[in-house]
Structures are given as structure tokens and as C-alpha cells.
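**Q** Attaching a single structure in C-alpha cells format; questions to follow.
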Amino acid sequence: MTTLQPPAAAEPRPAPPPAKRDRRSWTGWGFIGPFVAVFALVFLAPIAYSIYLSLYRNQLIGGNHFVGLDNYTQALKDDQFWQAVGRVGLFLAIQVPIMLGIALLVALALDSGRLYGKSFFRITIFLPYAVPAVVATLMWGFMYGTKYGLVGDINEAFGTSLPDLLSPDWVLASIGNIVTWEFVGYNMLIFYSALRVIPTSLYEAAEIDGAGQWRIISSIKLPAIRGAIVIATIFSIIGSFQLFNEPSILRPLARNAITTDYTPNFYTYSLSFNGQQHNYSATVAIIMGVLTMIVAYAVQLRGMRKGA
């Protein structure tokens with residue numbers, strides 16, 4: 001009678017030599033190393049240098065002196081800075097909902113499948129985003145002019161008295177119109193892309209249950225693209241706090257309405273390049289960066305909360 005022998009245990013593989021292990025451990029760093037280097041050079045290094053500048057003050061005698069948090073204390077008491085923050089806060093509260101609302105309506109219309117010439121409308125609405133901000137602002141600025149632009153021509157042709165859209169009372173709304181015209185297409189594309197990945201089976205099931213279009217939008221489409229709406233909102237908030245191109249380009253056309261401290265970024269630019277106050281300018285920029293982070297993070301938490 002033959003007895004069965006248990007199979008021989010597999011011999012353990014020998015451990016790779018230390019040199020080979022070291023080579024493998026550095027392979028990953030070889031792939032991410034270029035990105036880390038560029039990220040540190042163009043993002044982390046400027047932030048670190050700005051923080052360094054904000055802790056010093058350039059004096060007529062003795063040059064730069066370490067002043068600790070004195071610059072931050074001065075900035076928190078600066079009325080010009082807080083007026084600029086309040087101005088962009090008002091801009092954000094009015095312009096962002098209008099822009100995102102229009103973009104969402106357009107995206108829903110394109111996704112409905114009932115819009116004739118959908119491809120034409122999609123590219124037409126997105127096209128203003130491809131126009132450089134400088135060109136768009138100059139174009140709208142000259143249209144706003146009462147003496148040389150479209151508003152002035154309409155007043156002269158029809159004997160009307162349309163308001164001066166570059167006056168102190170109207171210039172913030174005029175800037176909001178420019179930004180909305182520029183970025184509706186960008187946000188529409190975010191919403192439309194999110195709508196296109198929703199399974200069509202959900203729509204079919206809802207129609208079988210007797211749901212109408214408004215019910216499908218409110219119960220399926222909007223909840224499904226909540227993440228995209230939050231992302232677009234955060235991008236718009238950051239863009240509002242960084243408002244610079246439009247007021248700086250319109251200023252030669254509306255000097256009485258747009259001052260050098262009209263927005264925080266414009267104020268920072270003026271302090272640094274016109275007033276040579278680089279240390280204080282860095283301080284204002286850091287405070288605005290922190291404020292933007294706090295607001296954007298709060299919106300993200302509120303938007304992504306379950307049941308929101």
C-alpha cells in the first residue's frame with residue numbers, strides 16, 4: 001500500500017538585495033518629483049515669502065525691521081481695506097447667484113433634449129469664455145460710454161437719457177454684467193457635463209411613475225448635480241474675492257467711480273506698485289487669502305452636507 005506524502009512546502013523567495021529595494025523606493029519619487037518641485041517653486045515659495053514680508057516693515061532709516069504682527073493689526077483697522085471687502089462681498093451676494101442661476105437654466109434647457117439647435121446654442125453660450133478678460137472689459141467699457149459708446153449713441157438717436165453705467169452708482173453692476181457675460185458659459189459647461197452622466201433609467205422610471213419635467217428636475221437632476229453646483233459656487237466665490245482685471249481696466253474710463261482701493265486685489269496692487277508698500281501689501285494679500293479660504297470652506301461644508 002502506497003502512502004501519500006504531503007506536498008513539499010514552497011521555499012520562501014529570497015529577499016531582494018538592499019540596492020534593488022532602494023531603487024524601487026525612489027521610483028515613485030521620480031514620477032512625482034517634477035510636480036512637487038514645480039508646486040513648491042510656484043506655489044509654496046511665494047506664500048512663504050509673502051508671510052516673511054508681512055512680518056517686516058520698510059523704514060526710511062534702517063531699512064526692513066521685524067515688526068511681528070503689527071502689519072496685521074494695521075490691516076484689520078484699515079477702513080479702505082474693509083470697504084473693498086464689503087464691496088466684493090456685495091458683488092458676490094448678487095452677481096454669483098444670478099450667474100449660476102442663468103448657467104443652470106441654460107444647462108437644464110440643453111439637457112432636456114427639446115431645444116432645437118442644441119449644439120449651436122452650447123457653443124454660442126460658451127464662446128464669451130474664450131474671449132480674453134482684457135478684450136471683454138474694453139469692449140463692454142466702450143459700449144457703456146455715454147459720450148462715445150453704445151449708450152451715448154442710443155441717447156442721441158432716440159432722445160433718451162439712459163443712466164451712465166460707469167458712474168459710481170452703476171459701475172459695480174456694470175462689472176457684474178461683464179463677469180456674468182464671461183463666465184455663464186463656463187459654469188453652464190460644468191452643470192451640463194454633470195447632467196449628462198445621470199443614468200437615463202432614472203428618468204424612465206420617473207416618467208413611468210407619472211412624474212412631470214419639473215418633478216424630474218427637482219427630485220433627480222438637481223440632487224444629482226449638487227456636487228457640481230458646489231464646485232461652481234466655490235470657483236465663483238474665489239473669483240469674486242480676486243476681482244481685479246475688470247475694475248483695473250475700466251478705471252481709465254471711470255476714474256471718478258473706481259478708486260485704487262476699489263477691490264482688495266486692486267488695493268494690494270496699488271499698495272505694492274504705486275505706494276511701494278510691499279510689506280503691507282503682502283499682509284493684505286495674506287488676510288484676503290485666509291478670508292477666501294474660510295468662506296469657500298464654509299460653503300463647501302454647507303453644500304455637501306447630507307440633506308442640505
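In the C-alpha cells, chains take the letters A, B, ... in the order shown, each chain's residues start at 1, and ligands count up from 1 in the order shown.
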Go through segment 16-116 of chain A residue by residue and, counting only C-alpha atoms, keep those with an atom at most 10 Å from segment 186-194 of chain A; for each kept residue give the shortest atom pair and its distance in Å to one decimal, ordered by chain and increasing number, as CSV.
**A**
```
residue,atom,partner,partner_atom,distance
A:Met99,CA,A:Asn187,CA,8.3
A:Leu100,CA,A:Asn187,CA,6.8
A:Gly101,CA,A:Met188,CA,9.5
A:Ile102,CA,A:Met188,CA,8.2
A:Ala103,CA,A:Met188,CA,4.4
A:Leu104,CA,A:Met188,CA,6.1
A:Leu105,CA,A:Met188,CA,8.4
A:Val106,CA,A:Met188,CA,6.6
A:Ala107,CA,A:Tyr192,CA,4.9
A:Leu108,CA,A:Tyr192,CA,7.2
A:Ala109,CA,A:Tyr192,CA,9.4
A:Leu110,CA,A:Tyr192,CA,7.5
A:Asp111,CA,A:Tyr192,CA,6.8
```
**Q** I'd like the contact shell of Gly68 of chain A - 7 Å cut-off, only C-alpha atoms, skipping same-chain residues fewer than 2 positions apart - returned as a ChimeraX atom specification.
**A** /A:55-56,66,70
**Q** Between atom CA of Asp164 of chain A and atom CA of Ile249 of chain A, measure the distance and give it in Å to one decimal.
**A**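 Answer for the atom CA of Asp164 of chain A to atom CA of Ile249 of chain A separation: 17.3 Å.
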**Q** Contacts of Val88 of chain A at 9 Å or less, counting only C-alpha atoms, minus same-chain residues fewer than 6 places along, as an NGL selection string?
**A** :A and (240-243 or 262-264)
**Q** Would you mind reading off the distance between atom CA of Met143 of chain A and atom CA of Val171 of chain A, one decimal, in Å?
**A**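 Value for the atom CA of Met143 of chain A-atom CA of Val171 of chain A distance: 13.0 Å.
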**Q** Find the distance between atom CA of Phe39 of chain A and atom CA of Gly239 of chain A and write it in Å to one decimal.
**A**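 According to the coordinates, atom CA of Phe39 of chain A and atom CA of Gly239 of chain A are separated by 21.1 Å.
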**Q** As a PyMOL selection string, please: all residues of segment 7-249 of chain A that backbone DSSP puts in alpha helix (DSSP H).
**A** chain A and resi 18-39+45-54+70-76+79-111+118-126+133-144+150-158+171-196+200-208+213-216+222-224+226-241+245-249
